[in-house]
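Working notes, beginning with the structure itself.
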Amino acid sequence: MFQVLFERFVKGKVLAVQEFTDLLINSVRHAFTRPRYLVDTLVQMDVIGFGSLAIVLLTGFFTGGVLALQTYRTLSTFGEVGLLGQVVALSMVRELGPVLTALMVAGRNSSGIASEIGSMLVSEQIDAMRALGTDPLRKLVTPRLYATLVTLPLLTILADFCGMLGGAVVSTSTAHLSSAEYWTLAYQALQFEDCFQGLTKPFFFAIIVALVGCYFGLHTTGGTEGVGRSTTRAVVVACVLILVVDFFYTKFLIATGFF
Amino acid sequence: MTLPEAEPPPRARDRSEGQTAVVELRHVSLAFEEKQVLNDVSFRVGAGETLVLLGVTGSGKSVLLKLILGLLKPDAGQVLVGGQDLAPLSESQLYPIRQRMGIVFQEGALFDSLSVYENVAYRLREEGLKDEARIERQVREVLRFVEMEHALEKMPAELSGGMRRRVSIARAIVNEPAIMLYDSPTAGLDPVTAHTINILIAKLRDVQNVSSLVVTQRLADAYALAHFTYSAEQQGLVAVASDGGLGRRVPTHFLVLRDGTAYFSGSTDELTSTPDPYLRKFLA
Ligand SMILES: Nc1ncnc2c1ncn2[C@@H]1O[C@H](COP(=O)(O)OP(=O)(O)OP(=O)(O)O)[C@@H](O)[C@H]1O
Ligand SMILES: [Mg+2]
């Protein structure tokens with residue numbers, strides 16, 4: 001009995017991974033052949049990118065600020081308050097900027113995508129689409145994937161900057177650093193490796209945010225109630241995956257000498 | 001008990017014999033997980049014919065229509081559209097076949113995010129039509145046909161059930177398909193609106209010679225389709241007998257699904273005169 005259940009569970013997960021991979025490959029591939037849905041992609045950029053701007057900027061700003069507050073206490077015991085700019089810049093660009101931006105966008109858009117596609121599925125709109133000659137993958141998944149791939153890195157850059165700005169406000173007001181001191185150190189601290197790491201992560205996260213949403217939307221069962229379930233699952237899975245992938249990607253970069 | 005398939009009426013045989021059926025199912029079976037939904041169902045619909053599908057709720061009528069569109073694949077048996085087996089075709093190979101078919105889904109399935117105009121224009125745009133003036137002309141024409149031209153700019157959420165159904169019909173017929181599939185087009189509508197929808201179906205059938213499959217729970221609608229024909233002069237339905245034999249008598253067949261099998265298949269007269277207790281209960 002237990003063995004049967006376990007086997008079913010494992011098979012289910014393997015199947016899910018396989019289907020997710022198929023979804024990834026096909027949605028990437030579809031951008032290279034006609035028909036393309038450019039207008040849909042632009043609309044999604046507006047929804048996903050511009051729509052998330054405010055929360056991402058706020059998240060960045062306050063994360064940078066609280067980071068400066070916390071490290072200020074530690075640094076002041078060593079008398080190294082001057083390093084604040086460096087600490088904030090490095091943490092924001094390498095980790096907190098990409099990860100927190102992705103988590104916020106996942107919370108907002110993985111759920112949005114899952115519920116939108118899920119409700120289209122249960123109201124037979126996806127069937128209608130296929131009946132009218134449209135590949136739903138092309139029309140729904142590919143635009144969302146590419147829109148997220150374009151906008152998430154941009155949002156991350158803005159979040160990084162807002163984080164450093166938040167750090168600057170705290171450093172000048174609480175730690176009484178001069179603004180020039182803060183920004184010079186922050187700027188000098190950033191090496192190519194840091195920027196490389198911080199700017200490649202969003203691409204992985206974008207794939208997770210968009211496709212996990214689409215995957216759960218397309219696998220909705222059980223009517224309107226099921227849409228709620230898929231939405232919740234999409235957010236949870238997307239967030240956990242972002243953190244797991246972040247860990248392994250960072251480990252990979254360190255192992256290959258990019259630290 | 002399954003009634004033996006009776007001889008088709010002479011006119012019907014003239015039409016379908018020798019030519020390939022527009023839609024044909026051969027020994028189709030389909031199960032969802034453990035549940036057997038369709039079990040060895042066979043039928044054929046000739047050009048210009050109407051097949052009325054009856055059956056209690058959950059008997060697999062909607063599933064049957066989805067099989068014909070290739071939205072679902074049968075576990076066993078063959079689904080042929082225009083003589084072509086759908087089973088080996090990939091999704092992209094199915095598109096040209098689906099272009100010849102229109103479907104009205106049970107719940108309408110209009111795109112929530114698009115206006116009535118865009119819903120109806122959807123199919124034309126998908127077919128690569130770029131000429132906006134021509135799209136508008138066709139959309140207006142087809143919306144006039146279903147008497148919904150006034151609602152052009154409305155969103156689906158603002159429409160009533162009957163209006164939604166009519167827009168859904170407009171969306172399906174905008175590129176003049178040769179086969180129409182209607183899933184419970186009159187369910188939940190008042191008799192007046194239901195009647196206008198019957199007129200629409202008959203109009204398409206009699207004016208444009210469209211083959212149709214109509215799923216319905218209302219036997220009255222099925223009889224209206226079988227016994228009446230569309231008259232352009234009267235803008236409505238006239239009894240087949242009363243038009244002096246001028247109008248073509250379009251063969252209408254009935255198929256009753258029960259527990260996933262084709263329980264009855266035959267003409268209107270055979271259905272009405274059946275002694276079978278299950279069917280009698282159905283007719284009551
Ligand atoms: N996608 C699906 N997954 C699992 N089971 C399904 C699915 N679609 C339909 N079924 C099952 O198939 C059976 C037939 O469903 P179908 O929708 O064809 O019924 P119906 O004859 O159209 O009923 P109604 O008159 O209520 O519309 C039902 O028992 C339903 O539970
Ligand atoms: Mg149904």
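Chain labels follow the order of the structure tokens: the first chain is A, the next B, and so on; residue numbering restarts at 1 in every chain, and ligands are counted from 1 in their shown order.
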* Asked: Leaving out segment 93-103 of chain A and any residue of its chain fewer than 4 positions from it, which residues lie within 9 Å of it when counting only C-alpha atoms, given as a PyMOL selection string?
  -> chain A and resi 55-57+59-60+63-64+88-89+107-108+152-153+155-161+163+190+194-199+201-202+205-206+209+235+238-239+242-243+246
* Site check for ligand 2: residues at most 12 Å away, only C-alpha atoms and all ligand atoms, as a VMD selection string -> (chain A and resid 124) or (chain B and resid 53 to 66 104 to 108 182 to 185 187 214 to 217)
Provide as a PDB file with C-alpha atoms, in the first residue's frame the residues of chain A at most 10 Å from chain B, counting only C-alpha atoms.
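Listed below is the output, iface12.pdb:
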ATOM      1  CA  PRO A  35       2.557  33.272 -35.802  1.00  0.00           C
ATOM      2  CA  SER A 119     -10.055  30.502 -15.310  1.00  0.00           C
ATOM      3  CA  MET A 120      -9.711  30.484 -19.084  1.00  0.00           C
ATOM      4  CA  LEU A 121      -9.228  26.742 -18.871  1.00  0.00           C
ATOM      5  CA  VAL A 122     -12.234  25.988 -16.677  1.00  0.00           C
ATOM      6  CA  SER A 123     -14.514  28.257 -18.716  1.00  0.00           C
ATOM      7  CA  GLU A 124     -13.456  26.400 -21.883  1.00  0.00           C
ATOM      8  CA  GLN A 125     -11.812  29.493 -23.362  1.00  0.00           C
ATOM      9  CA  ILE A 126      -8.635  27.506 -23.993  1.00  0.00           C
ATOM     10  CA  ASP A 127     -10.663  24.875 -25.860  1.00  0.00           C
ATOM     11  CA  ALA A 128     -12.356  27.683 -27.771  1.00  0.00           C
ATOM     12  CA  MET A 129      -8.962  29.062 -28.672  1.00  0.00           C
ATOM     13  CA  ARG A 130      -7.828  25.723 -30.014  1.00  0.00           C
ATOM     14  CA  ALA A 131     -11.116  25.319 -31.875  1.00  0.00           C
ATOM     15  CA  LEU A 132     -10.561  28.712 -33.494  1.00  0.00           C
ATOM     16  CA  GLY A 133      -7.113  27.736 -34.669  1.00  0.00           C
ATOM     17  CA  THR A 134      -4.813  29.210 -32.021  1.00  0.00           C
ATOM     18  CA  ASP A 135      -2.097  27.350 -30.169  1.00  0.00           C
TER      19      ASP A 135
END
* Given the choices B:His195, B:Arg125, B:His150, B:Arg218, which gets closest to ligand 1 if the distance is worked out from only C-alpha atoms and all ligand atoms? ->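 Closest to ligand 1, using only C-alpha atoms and all ligand atoms: B:Arg218.
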* **Secondary structure check, strand (DSSP E or B) residues of segment 69-151 of chain B, as a VMD selection string** => chain B and resid 76 to 81 84 to 85 101 to 105 108
